[in-house]
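**Q** Input structure: upload30.cif, which contains mmCIF, C-alpha atoms.
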```cif
data_coords
loop_
_atom_site.label_atom_id
_atom_site.label_comp_id
_atom_site.auth_asym_id
_atom_site.auth_seq_id
_atom_site.Cartn_x
_atom_site.Cartn_y
_atom_site.Cartn_z
CA MET A 1 14.13 8.23 128.71
CA LYS A 2 17.60 9.58 129.46
CA ILE A 3 20.04 9.69 126.55
CA ASN A 4 23.35 11.31 125.68
CA ALA A 5 23.28 13.81 122.83
CA ALA A 6 25.62 16.37 121.28
CA VAL A 7 23.94 19.75 121.46
CA THR A 8 24.90 22.82 119.46
CA PRO A 9 24.12 25.51 122.05
CA ALA A 10 24.45 28.60 119.84
CA ILE A 11 25.26 29.68 116.30
CA GLY A 12 28.72 28.43 115.34
CA ALA A 13 29.42 26.93 118.77
CA ARG A 14 31.23 23.68 119.48
CA MET A 15 28.97 20.78 120.32
CA THR A 16 28.68 19.59 123.91
CA ILE A 17 27.64 16.08 124.89
CA ALA A 18 25.07 16.15 127.68
CA GLU A 19 22.46 13.93 129.27
CA MET A 20 19.01 14.80 127.94
CA THR A 21 15.45 13.57 128.20
CA LEU A 22 13.90 12.10 125.06
CA GLU A 23 10.13 11.71 124.75
CA ALA A 24 8.54 8.34 124.06
CA PRO A 25 7.68 7.74 120.39
CA ARG A 26 4.33 8.97 119.13
CA ASP A 27 2.01 6.76 117.10
CA ASN A 28 3.93 7.32 113.85
CA GLU A 29 7.41 7.42 115.38
CA VAL A 30 10.21 4.93 115.88
CA LEU A 31 12.77 4.91 118.69
CA VAL A 32 16.18 3.92 117.32
CA ARG A 33 19.27 3.10 119.35
CA VAL A 34 21.91 4.85 117.28
CA ILE A 35 24.95 2.71 116.57
CA ALA A 36 26.79 5.23 114.41
CA ALA A 37 26.19 8.50 112.59
CA GLY A 38 28.05 10.12 109.73
CA ILE A 39 29.00 13.78 109.82
CA CYS A 40 28.05 15.80 106.74
CA SER A 41 28.88 19.33 105.65
CA THR A 42 25.17 20.09 106.03
CA ASP A 43 25.54 19.55 109.78
CA VAL A 44 28.32 22.14 109.84
CA HIS A 45 26.32 24.54 107.68
CA MET A 46 23.32 24.25 110.00
CA ARG A 47 25.56 24.70 113.05
CA ASP A 48 26.69 28.02 111.63
CA HIS A 49 23.47 29.18 109.97
CA PRO A 50 21.86 32.19 111.69
CA SER A 51 18.24 31.33 110.89
CA LEU A 52 17.85 27.70 109.83
CA ALA A 53 18.02 25.05 112.57
CA ALA A 54 17.18 27.17 115.63
CA LYS A 55 19.59 26.74 118.55
CA PRO A 56 20.09 24.95 120.86
CA ILE A 57 19.73 21.91 118.64
CA VAL A 58 20.91 18.33 118.30
CA LEU A 59 22.05 17.85 114.70
CA GLY A 60 22.98 14.66 112.85
CA HIS A 61 21.22 13.22 109.83
CA GLU A 62 23.18 10.14 108.74
CA GLY A 63 22.19 7.79 111.54
CA ALA A 64 22.11 4.01 111.56
CA GLY A 65 20.92 1.85 114.43
CA ILE A 66 18.54 -0.71 115.86
CA VAL A 67 14.83 -0.22 116.42
CA GLU A 68 13.91 -0.38 120.11
CA GLN A 69 10.27 0.75 120.12
CA VAL A 70 7.60 1.62 117.56
CA GLY A 71 4.43 3.68 117.73
CA ALA A 72 0.98 2.15 117.37
CA ARG A 73 0.61 3.07 113.68
CA VAL A 74 4.07 1.93 112.56
CA THR A 75 3.99 -1.19 110.39
CA ARG A 76 7.15 -1.00 108.28
CA VAL A 77 9.63 -1.94 111.00
CA LYS A 78 9.64 -3.73 114.34
CA PRO A 79 11.89 -3.81 117.41
CA GLY A 80 15.22 -5.43 116.61
CA ASP A 81 15.32 -4.33 112.98
CA HIS A 82 18.50 -2.70 111.69
CA VAL A 83 17.76 0.60 109.99
CA VAL A 84 19.33 3.55 108.18
CA MET A 85 17.69 6.93 108.78
CA HIS A 86 17.39 9.48 105.98
CA TYR A 87 15.52 12.74 105.26
CA ASN A 88 11.90 13.27 106.26
CA SER A 89 8.94 14.22 104.04
CA CYS A 90 5.23 14.85 104.45
CA GLY A 91 3.89 12.04 102.26
CA HIS A 92 0.88 13.92 100.93
CA CYS A 93 2.10 16.80 98.69
CA ALA A 94 2.35 16.29 94.92
CA PRO A 95 6.11 15.45 94.83
CA CYS A 96 5.71 12.94 97.66
CA VAL A 97 2.73 11.27 95.99
CA GLU A 98 4.81 11.02 92.82
CA ALA A 99 7.70 9.39 94.78
CA ASP A 100 9.86 12.52 94.45
CA THR A 101 10.11 12.84 98.22
CA ALA A 102 13.41 14.78 98.09
CA TYR A 103 11.38 17.65 96.63
CA CYS A 104 8.66 17.57 99.30
CA GLN A 105 6.91 20.93 99.37
CA HIS A 106 7.29 20.99 103.15
CA VAL A 107 10.98 20.08 103.28
CA GLY A 108 11.79 22.94 105.65
CA ALA A 109 9.23 22.06 108.29
CA TYR A 110 10.10 18.37 108.19
CA ASN A 111 13.89 18.66 108.14
CA PHE A 112 15.29 22.05 109.17
CA SER A 113 12.86 23.56 111.66
CA GLY A 114 14.29 21.78 114.71
CA THR A 115 10.81 20.61 115.65
CA ARG A 116 8.14 18.20 114.59
CA PRO A 117 5.79 19.67 111.95
CA ASP A 118 3.39 20.60 114.75
CA GLY A 119 6.11 22.70 116.42
CA SER A 120 6.83 20.34 119.33
CA MET A 121 10.29 19.19 120.41
CA ALA A 122 11.21 15.74 121.65
CA LEU A 123 14.32 16.69 123.62
CA SER A 124 14.87 18.63 126.82
CA HIS A 125 17.81 19.41 129.08
CA GLY A 126 17.48 20.68 132.63
CA GLY A 127 13.77 21.17 132.05
CA GLN A 128 14.35 23.39 128.99
CA PRO A 129 13.39 22.30 125.46
CA VAL A 130 16.13 21.50 122.96
CA HIS A 131 15.42 21.56 119.23
CA SER A 132 15.13 18.06 117.80
CA HIS A 133 14.01 16.19 114.67
CA PHE A 134 16.77 17.58 112.46
CA PHE A 135 16.17 15.74 109.17
CA GLY A 136 13.53 13.93 111.16
CA GLN A 137 16.13 12.23 113.37
CA SER A 138 18.78 14.35 115.25
CA SER A 139 21.10 11.37 115.30
CA PHE A 140 24.11 12.90 117.08
CA ALA A 141 22.80 11.00 120.08
CA THR A 142 22.67 7.56 121.61
CA HIS A 143 18.96 7.34 120.71
CA ALA A 144 16.86 9.11 118.09
CA LEU A 145 13.22 9.44 117.16
CA CYS A 146 12.33 9.25 113.49
CA THR A 147 9.12 8.41 111.65
CA ASP A 148 8.24 5.36 109.65
CA ARG A 149 8.70 7.53 106.54
CA ASN A 150 12.38 8.34 107.01
CA LEU A 151 14.03 5.04 107.71
CA VAL A 152 14.96 1.98 105.70
CA ALA A 153 15.31 -1.54 107.08
CA VAL A 154 18.65 -3.07 106.10
CA PRO A 155 20.15 -6.59 106.36
CA ASP A 156 21.37 -7.44 109.84
CA ASP A 157 24.55 -9.09 108.56
CA VAL A 158 26.03 -5.82 107.26
CA PRO A 159 28.06 -3.71 109.74
CA LEU A 160 25.72 -0.95 110.89
CA ASP A 161 28.52 1.42 111.76
CA MET A 162 29.33 2.04 108.10
CA LEU A 163 25.78 2.44 106.77
CA GLY A 164 24.76 5.86 108.12
CA PRO A 165 26.32 7.89 105.26
CA LEU A 166 24.01 6.08 102.85
CA GLY A 167 21.22 8.24 104.25
CA CYS A 168 22.58 11.47 102.75
CA GLY A 169 26.08 11.99 101.36
CA ILE A 170 26.66 8.68 99.59
CA LEU A 171 23.02 8.55 98.46
CA THR A 172 23.36 12.04 96.98
CA GLY A 173 26.55 11.45 94.99
CA ALA A 174 25.63 8.05 93.64
CA GLY A 175 22.04 9.02 92.96
CA ALA A 176 23.02 12.14 91.03
CA VAL A 177 24.99 9.97 88.61
CA ILE A 178 22.63 7.01 88.33
CA ASN A 179 19.17 8.52 88.81
CA THR A 180 19.52 12.10 87.56
CA LEU A 181 22.34 12.40 85.05
CA LYS A 182 21.86 8.80 83.91
CA VAL A 183 25.49 8.49 82.91
CA ARG A 184 25.76 6.19 79.90
CA PRO A 185 28.35 3.52 79.08
CA GLY A 186 31.25 5.05 77.21
CA SER A 187 30.26 8.64 78.02
CA SER A 188 32.41 11.14 79.89
CA PHE A 189 31.78 12.38 83.42
CA ALA A 190 33.48 15.02 85.55
CA VAL A 191 32.96 15.76 89.24
CA PHE A 192 34.08 19.03 90.80
CA GLY A 193 35.02 18.33 94.41
CA ALA A 194 36.27 14.93 95.58
CA GLY A 195 34.82 14.75 99.06
CA SER A 196 32.50 11.94 100.10
CA VAL A 197 29.72 13.04 97.72
CA GLY A 198 32.09 13.50 94.79
CA LEU A 199 33.84 10.19 95.39
CA ALA A 200 30.51 8.40 95.64
CA ALA A 201 29.78 9.93 92.23
CA VAL A 202 33.09 8.60 90.89
CA MET A 203 32.19 5.08 92.04
CA ALA A 204 28.73 5.39 90.51
CA ALA A 205 30.15 6.63 87.20
CA ARG A 206 32.41 3.60 87.10
CA LEU A 207 29.41 1.36 87.80
CA SER A 208 27.55 3.08 84.98
CA GLY A 209 30.33 2.31 82.52
CA ALA A 210 31.54 5.85 81.88
CA GLY A 211 34.52 5.82 79.54
CA LYS A 212 36.33 8.82 81.00
CA ILE A 213 35.85 9.83 84.62
CA ILE A 214 37.51 13.07 85.71
CA ALA A 215 37.81 14.19 89.35
CA VAL A 216 38.75 17.78 90.22
CA ASP A 217 40.08 18.77 93.64
CA THR A 218 42.92 20.71 95.24
CA GLN A 219 43.89 17.95 97.71
CA GLN A 220 46.22 15.29 96.35
CA ALA A 221 45.05 12.64 98.82
CA ARG A 222 41.51 12.97 97.51
CA LEU A 223 42.67 12.84 93.91
CA ASP A 224 44.62 9.67 94.73
CA MET A 225 41.49 8.17 96.28
CA ALA A 226 39.51 9.12 93.17
CA LEU A 227 41.96 7.19 91.01
CA GLU A 228 41.70 4.20 93.33
CA LEU A 229 37.91 4.27 93.11
CA GLY A 230 37.66 4.51 89.34
CA ALA A 231 38.62 7.94 88.03
CA THR A 232 40.57 7.79 84.77
CA HIS A 233 41.90 11.35 85.10
CA VAL A 234 42.36 13.84 87.94
CA ILE A 235 42.91 17.59 87.84
CA ASP A 236 44.25 20.02 90.41
CA PRO A 237 42.61 23.24 89.18
CA ARG A 238 44.94 25.74 90.83
CA ASN A 239 47.20 26.19 87.81
CA THR A 240 45.03 24.67 85.10
CA ASP A 241 42.50 25.98 82.61
CA MET A 242 39.91 23.39 83.58
CA PRO A 243 37.53 23.66 80.61
CA ALA A 244 40.45 23.51 78.17
CA GLU A 245 42.00 20.55 79.98
CA MET A 246 38.70 18.68 79.94
CA ARG A 247 38.30 19.31 76.23
CA ARG A 248 41.82 18.00 75.74
CA ILE A 249 40.99 14.83 77.68
CA THR A 250 37.61 14.19 76.10
CA GLY A 251 38.00 15.76 72.67
CA ALA A 252 34.75 17.75 72.78
CA GLY A 253 33.93 18.41 76.42
CA VAL A 254 32.24 16.27 79.04
CA ASN A 255 28.80 14.74 78.61
CA HIS A 256 27.96 14.89 82.31
CA ALA A 257 29.30 17.20 85.02
CA LEU A 258 28.50 17.35 88.72
CA ASP A 259 29.43 20.24 91.01
CA THR A 260 29.70 19.46 94.71
CA SER A 261 31.61 22.62 95.66
CA GLY A 262 28.96 25.34 95.55
CA ASN A 263 31.70 27.66 94.29
CA ILE A 264 30.33 30.03 91.63
CA THR A 265 33.59 30.18 89.67
CA VAL A 266 33.83 26.39 89.64
CA ILE A 267 30.21 26.04 88.53
CA ARG A 268 30.85 28.35 85.57
CA GLN A 269 33.90 26.30 84.62
CA ALA A 270 31.88 23.09 84.88
CA VAL A 271 29.30 24.49 82.48
CA GLU A 272 32.02 25.73 80.10
CA ALA A 273 33.48 22.23 80.07
CA LEU A 274 30.24 20.65 78.80
CA ALA A 275 30.04 19.07 75.38
CA SER A 276 27.04 19.74 73.17
CA ARG A 277 23.90 18.38 74.85
CA GLY A 278 25.89 18.08 78.06
CA VAL A 279 24.23 18.32 81.47
CA CYS A 280 25.68 19.86 84.64
CA GLY A 281 24.10 18.93 87.96
CA LEU A 282 24.31 21.13 91.05
CA ILE A 283 24.05 19.57 94.49
CA SER A 284 25.37 22.38 96.71
CA SER A 285 23.26 25.42 97.50
CA ALA A 286 26.14 27.92 97.05
CA ASN A 287 24.54 29.67 100.03
CA GLY A 288 21.75 30.88 97.78
CA ALA A 289 24.06 32.85 95.46
CA ASP A 290 23.04 33.91 91.95
CA ILE A 291 25.02 32.90 88.89
CA SER A 292 25.24 34.21 85.33
CA LEU A 293 25.81 31.95 82.32
CA ASN A 294 26.27 32.68 78.63
CA VAL A 295 22.88 32.09 77.03
CA LEU A 296 24.27 31.67 73.51
CA ASN A 297 26.59 28.91 74.74
CA MET A 298 23.71 27.20 76.49
CA MET A 299 21.33 27.48 73.55
CA HIS A 300 23.66 26.56 70.67
CA GLY A 301 24.99 23.56 72.51
CA GLY A 302 21.67 22.44 73.96
CA ARG A 303 23.37 22.45 77.33
CA VAL A 304 21.47 21.97 80.59
CA VAL A 305 22.11 23.02 84.18
CA ARG A 306 19.83 21.52 86.81
CA GLY A 307 19.58 21.26 90.55
CA ILE A 308 19.63 17.88 92.30
CA LEU A 309 18.46 17.06 95.81
CA LEU A 310 19.50 13.84 97.52
CA GLY A 311 20.28 12.14 94.25
CA ASP A 312 16.63 12.04 93.12
CA SER A 313 16.53 8.81 95.11
CA VAL A 314 13.78 6.70 96.57
CA PRO A 315 15.76 5.67 99.67
CA GLU A 316 13.73 2.52 100.32
CA ILE A 317 14.85 1.23 96.93
CA PHE A 318 18.23 2.87 96.40
CA ILE A 319 19.88 2.28 99.79
CA PRO A 320 19.42 -1.54 99.67
CA GLN A 321 20.78 -1.48 96.10
CA LEU A 322 23.91 0.36 97.22
CA ILE A 323 24.39 -2.08 100.11
CA GLU A 324 24.22 -5.02 97.71
CA LEU A 325 26.73 -3.37 95.38
CA GLN A 326 29.05 -2.79 98.36
CA ARG A 327 28.77 -6.45 99.32
CA GLN A 328 29.83 -7.38 95.81
CA GLY A 329 32.89 -5.11 96.06
CA ARG A 330 31.58 -2.87 93.26
CA PHE A 331 30.77 0.17 95.42
CA PRO A 332 33.39 0.26 98.21
CA PHE A 333 32.19 3.37 100.02
CA GLU A 334 33.67 2.04 103.25
CA LYS A 335 37.04 3.28 101.97
CA LEU A 336 35.88 6.85 102.55
CA ILE A 337 35.15 6.38 106.26
CA THR A 338 37.23 7.31 109.29
CA TYR A 339 35.71 6.33 112.66
CA TYR A 340 35.65 8.42 115.81
CA PRO A 341 34.22 7.75 119.27
CA PHE A 342 31.16 9.89 119.97
CA GLU A 343 33.11 11.92 122.52
CA GLN A 344 35.44 13.17 119.78
CA ILE A 345 32.68 14.76 117.70
CA ASN A 346 34.30 18.21 117.58
CA GLN A 347 37.63 16.73 116.51
CA ALA A 348 35.85 14.77 113.79
CA VAL A 349 34.15 17.92 112.50
CA GLU A 350 37.44 19.83 112.53
CA ASP A 351 39.25 17.03 110.67
CA MET A 352 36.53 17.04 108.01
CA GLU A 353 36.62 20.83 107.64
CA GLN A 354 40.42 20.79 107.31
CA GLY A 355 40.34 18.00 104.73
CA ARG A 356 42.19 15.51 106.90
CA VAL A 357 39.43 12.92 106.49
CA ILE A 358 36.76 12.36 103.86
CA LYS A 359 33.78 10.97 105.77
CA PRO A 360 33.96 10.96 109.57
CA VAL A 361 31.59 8.55 111.28
CA LEU A 362 30.81 8.64 115.00
CA ARG A 363 30.50 5.36 116.88
CA MET A 364 28.08 5.90 119.75
CA THR A 365 29.21 2.86 121.73
CA ALA A 366 32.82 1.82 122.27
CA GLY A 367 33.76 -1.38 120.50
CA VAL A 368 30.82 -1.40 118.07
#
```
Any chance you could put this one into C-alpha cells?
**A**
Amino acid sequence: MKINAAVTPAIGARMTIAEMTLEAPRDNEVLVRVIAAGICSTDVHMRDHPSLAAKPIVLGHEGAGIVEQVGARVTRVKPGDHVVMHYNSCGHCAPCVEADTAYCQHVGAYNFSGTRPDGSMALSHGGQPVHSHFFGQSSFATHALCTDRNLVAVPDDVPLDMLGPLGCGILTGAGAVINTLKVRPGSSFAVFGAGSVGLAAVMAARLSGAGKIIAVDTQQARLDMALELGATHVIDPRNTDMPAEMRRITGAGVNHALDTSGNITVIRQAVEALASRGVCGLISSANGADISLNVLNMMHGGRVVRGILLGDSVPEIFIPQLIELQRQGRFPFEKLITYYPFEQINQAVEDMEQGRVIKPVLRMTAGV
C-alpha cells in the first residue's frame, strides 16, 4: 500500500516526508494506522548515529493507532482495536522467557537494525528499499507494521493521540521509579534531568509516596513543571554543589537517584548524593562512555549503581496501569505534551532539542 512516511535520508539529515510503499503484513505482523507518534531523544540519537540505524530509514518508536489488518498467526488484537506500540523482542531468549523483554539478547536485531530480524525491509521509495522496523514499528508514518509482540491494546475511550509516549519515554521514567528503584513511602528521590522521562519519574515518585522529591535541571520552565507535578524541591545545578545541597535537603543524602542526562559529571554527583544503601539508576547510555567511582564510598555505604532499560516494564501490564492512573488524575502525563502536525516534524525535533517543549507528539491526520 502507499503511505506517507518521514525518512531520514543520511546521517544527521533533516527528515523528508515522502510517499512510500509498505508491504502487506506477514503472518506475525499487524498493520496499524498511526494516529500519533511521540518524538524521543532516541530518535534524534539514531538520526545522528554513524552505525546504528542504517540510512535511509524511517524512525519513530512511540506510535499509537488503530489496527487495520492482522497476519494469520496474530491472535492478540483484531482490526479496529486501539493500540500503543512499544519496543520489539524475540520472545525466546532467557530474558524474554523470564518476562524481562527489555533485556532481550537480540535487542539490536529487533530494534536498531532497520530491518526485520531476517534482514528484509518493509518500505521502499522509487523502487529502492528504505530501512524500516525501527523498534519494530517505524511509526513516523501514516501506517506502520509491528508484530503481535510489540503492541498493547488500550481502551478505545482514551484519546489515542496522547498515548504514544507510553511506549517508551513515559514508560521508562515511571517504570524506573516503580519497578526498578521501588521507591518507598517517606523515602527521598532525586531525578537528574527534568525532560519527559525525568518528569514521568517525578509523577511516579509522588504516586509511590516519596517524602522528598528533588528535580535537577538548568531550565526554569522544567523545574516549574516538576513542582506542579509533585516535586518538593528543585535545583538549578549551575551554581550549586548538588551533593551538598541534597544532603542539606534530606539530612543524609537521597535514598533513590535517577540520572536521565547521560552526563558523566552529573552521574558522579548523583552517586555522591546517595545516602547509605542508596541506589542510583542510569537510563541514558552516555554514548558508551566509561565512568570512575570511589570504591570506598560505594563499599562503606553499601551504595548501588545500576542500569535500567525501559523501566524494567512488562508493557502489556504497565501501560494499561498508567492509563488508568491518568484517568484518575493521578498521573497527568498529558501535561508534558505539545502537539504538531506531521508535516512539522523537523520543527518539533528542533523545539525538543532546544528545550522549548518537553514531549512533542506528531498528529498524523489533521483534526485528530
**Q** Any idea what's packed within 6 Å of Val254 (chain A), counting all atoms listed in the file, ignoring anything in its chain fewer than 3 positions away? Could you give it as a PDB file with C-alpha atoms, in the coordinates of the input?
**A**
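After the write, selection-v2.pdb holds the following:
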```pdb
ATOM      1  CA  SER A 188      32.410  11.140  79.890  1.00  0.00           C
ATOM      2  CA  PHE A 189      31.780  12.380  83.420  1.00  0.00           C
ATOM      3  CA  LEU A 274      30.240  20.650  78.800  1.00  0.00           C
ATOM      4  CA  ALA A 275      30.040  19.070  75.380  1.00  0.00           C
TER       5      ALA A 275
END
```
**Q** Using all atoms listed in the file, find all polymer residues with an atom at most 12 Å away from the point (25.2, 4.5, 84.4); report them as a VMD selection string.
**A** chain A and resid 174 to 189 201 to 211 213 256
**Q** Take the selection from the previous step and output its residues with C-alpha atoms, as a tab-separated table (two decimals), in the coordinates of the input.
**A**
```tsv
chain	number	residue	atom	x	y	z
A	174	ALA	CA	25.63	8.05	93.64
A	175	GLY	CA	22.04	9.02	92.96
A	176	ALA	CA	23.02	12.14	91.03
A	177	VAL	CA	24.99	9.97	88.61
A	178	ILE	CA	22.63	7.01	88.33
A	179	ASN	CA	19.17	8.52	88.81
A	180	THR	CA	19.52	12.10	87.56
A	181	LEU	CA	22.34	12.40	85.05
A	182	LYS	CA	21.86	8.80	83.91
A	183	VAL	CA	25.49	8.49	82.91
A	184	ARG	CA	25.76	6.19	79.90
A	185	PRO	CA	28.35	3.52	79.08
A	186	GLY	CA	31.25	5.05	77.21
A	187	SER	CA	30.26	8.64	78.02
A	188	SER	CA	32.41	11.14	79.89
A	189	PHE	CA	31.78	12.38	83.42
A	201	ALA	CA	29.78	9.93	92.23
A	202	VAL	CA	33.09	8.60	90.89
A	203	MET	CA	32.19	5.08	92.04
A	204	ALA	CA	28.73	5.39	90.51
A	205	ALA	CA	30.15	6.63	87.20
A	206	ARG	CA	32.41	3.60	87.10
A	207	LEU	CA	29.41	1.36	87.80
A	208	SER	CA	27.55	3.08	84.98
A	209	GLY	CA	30.33	2.31	82.52
A	210	ALA	CA	31.54	5.85	81.88
A	211	GLY	CA	34.52	5.82	79.54
A	213	ILE	CA	35.85	9.83	84.62
A	256	HIS	CA	27.96	14.89	82.31
```
**Q** Which of these, A:Glu228, A:Glu19, A:Asp241, A:Glu353, has the shortest distance to Ile3 (chain A) once you count only C-alpha atoms?
**A** A:Glu19
**Q** Convert the output of the PyMOL selection byres ((chain A and resi 318) around 12) on the shown file into explicit residues, formatted as an MDAnalysis selection string.
**A** chainID A and resid 84 86 152:154 166:168 170:172 174:176 178:179 310:317 319:325
**Q** Hey, can you check how far CA of Asn287 (chain A) sits from CA of Gly195 (chain A)?
**A**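 Those two atoms sit 18.1 Å apart.
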**Q** I want to know what sits within 7 Å of Ser261 (chain A), based on all atoms listed in the file, with residues of the same chain fewer than 4 positions away left out; could you give that as a list of chain:residue names?
**A**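 The residues satisfying every condition are A:Phe192, A:Gly193, A:Ser284.
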**Q** Written as a VMD selection string, which residues does the PyMOL selection byres ((chain A and resi 85) around 8) give for the file shown?
**A** chain A and resid 61 to 64 83 to 84 86 to 87 137 146 150 to 152 164 167
**Q** Quick one: which region 161-201 of chain A residues come within 8 Å of region 30-50 of chain A, and what is the nearest atom pair for each with the distance in Å to one decimal, counting all atoms listed in the file, rows ordered by chain and ascending number, as a tab-separated table?
**A**
```
residue	atom	partner	partner_atom	distance
A:Asp161	CA	A:Ala36	CA	5.0
A:Met162	CA	A:Ala36	CA	7.5
A:Gly164	CA	A:Ala37	CA	5.4
A:Pro165	CA	A:Gly38	CA	5.3
A:Gly169	CA	A:Cys40	CA	6.9
```
**Q** List, as JSON, numbers by chain, every residue that the PyMOL selection byres ((chain A and resi 69) around 8) selects in the file provided.
**A** {"A": [25, 30, 31, 32, 67, 68, 70, 71, 78, 79]}
**Q** Distance CA of Gly307 (chain A)-CA of Pro95 (chain A), one decimal place?
**A** 15.3 Å
**Q** Within 6 Å of Gly281 (chain A), counting all atoms listed in the file, which residues show up once you throw out same-chain ones fewer than 6 positions away? Write them as a PyMOL selection string, please.
**A** chain A and resi 258+305-307
**Q** Residues at most 9 Å from Ile291 (chain A), counting all atoms listed in the file, excluding those fewer than 3 positions away in the same chain, as a list in words?
**A** Ile264, Ile267 and Arg268 of chain A
**Q** Measuring atom to atom with only C-alpha atoms, identify which of A:Asn28, A:Asn111, A:Thr338, A:Gly230 is nearest to Met352 (chain A).
**A**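 Comparing A:Asn28, A:Asn111, A:Thr338, A:Gly230 against Met352 (chain A), the winner is A:Thr338.
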**Q** Mind checking which residues fall within 12 Å of Ile345 (chain A), counting only C-alpha atoms, ignoring those fewer than 2 positions away in the same chain, and posting them as an NGL selection string?
**A** :A and (5-8 or 14-17 or 36-40 or 43-44 or 59-60 or 140-141 or 339-343 or 347-352 or 360-364)
**Q** Save N, CA and C atoms of region 114-135 of chain A from the block above as an mmCIF file, in the first residue's frame.
**A**
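Ended up saving to part_26.cif:
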```
data_model
loop_
_atom_site.group_PDB
_atom_site.id
_atom_site.type_symbol
_atom_site.label_atom_id
_atom_site.label_comp_id
_atom_site.auth_asym_id
_atom_site.auth_seq_id
_atom_site.Cartn_x
_atom_site.Cartn_y
_atom_site.Cartn_z
ATOM 1 N N GLY A 114 17.135 -1.619 11.522
ATOM 2 C CA GLY A 114 16.467 -1.033 10.362
ATOM 3 C C GLY A 114 15.894 -2.078 9.423
ATOM 4 N N THR A 115 15.804 -3.304 9.916
ATOM 5 C CA THR A 115 15.232 -4.398 9.126
ATOM 6 C C THR A 115 14.450 -5.314 10.056
ATOM 7 N N ARG A 116 13.738 -6.256 9.453
ATOM 8 C CA ARG A 116 13.245 -7.377 10.235
ATOM 9 C C ARG A 116 14.449 -8.227 10.670
ATOM 10 N N PRO A 117 14.258 -9.126 11.631
ATOM 11 C CA PRO A 117 15.379 -9.989 12.033
ATOM 12 C C PRO A 117 15.969 -10.813 10.892
ATOM 13 N N ASP A 118 15.173 -11.076 9.859
ATOM 14 C CA ASP A 118 15.704 -11.847 8.729
ATOM 15 C C ASP A 118 16.423 -10.970 7.703
ATOM 16 N N GLY A 119 16.539 -9.657 7.990
ATOM 17 C CA GLY A 119 17.249 -8.742 7.107
ATOM 18 C C GLY A 119 16.386 -8.055 6.069
ATOM 19 N N SER A 120 15.116 -8.377 5.994
ATOM 20 C CA SER A 120 14.246 -7.757 4.986
ATOM 21 C C SER A 120 13.719 -6.409 5.470
ATOM 22 N N MET A 121 13.310 -5.579 4.514
ATOM 23 C CA MET A 121 12.741 -4.265 4.804
ATOM 24 C C MET A 121 11.321 -4.217 4.249
ATOM 25 N N ALA A 122 10.466 -3.491 4.959
ATOM 26 C CA ALA A 122 9.065 -3.425 4.554
ATOM 27 C C ALA A 122 8.741 -2.201 3.727
ATOM 28 N N LEU A 123 9.666 -1.245 3.660
ATOM 29 C CA LEU A 123 9.410 0.019 2.987
ATOM 30 C C LEU A 123 10.266 0.167 1.735
ATOM 31 N N SER A 124 9.730 0.868 0.754
ATOM 32 C CA SER A 124 10.512 1.216 -0.433
ATOM 33 C C SER A 124 10.026 2.553 -0.964
ATOM 34 N N HIS A 125 10.937 3.219 -1.689
ATOM 35 C CA HIS A 125 10.633 4.521 -2.274
ATOM 36 C C HIS A 125 11.302 4.589 -3.638
ATOM 37 N N GLY A 126 10.490 4.809 -4.669
ATOM 38 C CA GLY A 126 11.028 4.853 -6.020
ATOM 39 C C GLY A 126 11.702 3.556 -6.426
ATOM 40 N N GLY A 127 11.198 2.445 -5.889
ATOM 41 C CA GLY A 127 11.777 1.144 -6.210
ATOM 42 C C GLY A 127 12.996 0.770 -5.398
ATOM 43 N N GLN A 128 13.460 1.664 -4.516
ATOM 44 C CA GLN A 128 14.638 1.400 -3.687
ATOM 45 C C GLN A 128 14.219 1.126 -2.247
ATOM 46 N N PRO A 129 14.836 0.137 -1.598
ATOM 47 C CA PRO A 129 14.448 -0.183 -0.216
ATOM 48 C C PRO A 129 14.800 0.938 0.755
ATOM 49 N N VAL A 130 13.955 1.093 1.752
ATOM 50 C CA VAL A 130 14.169 2.057 2.833
ATOM 51 C C VAL A 130 14.122 1.274 4.146
ATOM 52 N N HIS A 131 15.082 1.526 5.027
ATOM 53 C CA HIS A 131 15.137 0.779 6.273
ATOM 54 C C HIS A 131 13.887 1.034 7.117
ATOM 55 N N SER A 132 13.375 -0.028 7.679
ATOM 56 C CA SER A 132 12.096 0.000 8.391
ATOM 57 C C SER A 132 12.239 -0.715 9.733
ATOM 58 N N HIS A 133 11.117 -0.947 10.390
ATOM 59 C CA HIS A 133 11.055 -1.728 11.624
ATOM 60 C C HIS A 133 11.956 -1.178 12.729
ATOM 61 N N PHE A 134 12.133 0.150 12.769
ATOM 62 C CA PHE A 134 12.835 0.742 13.900
ATOM 63 C C PHE A 134 11.990 0.522 15.145
ATOM 64 N N PHE A 135 12.599 -0.071 16.186
ATOM 65 C CA PHE A 135 11.852 -0.503 17.368
ATOM 66 C C PHE A 135 10.667 -1.377 16.976
#
```
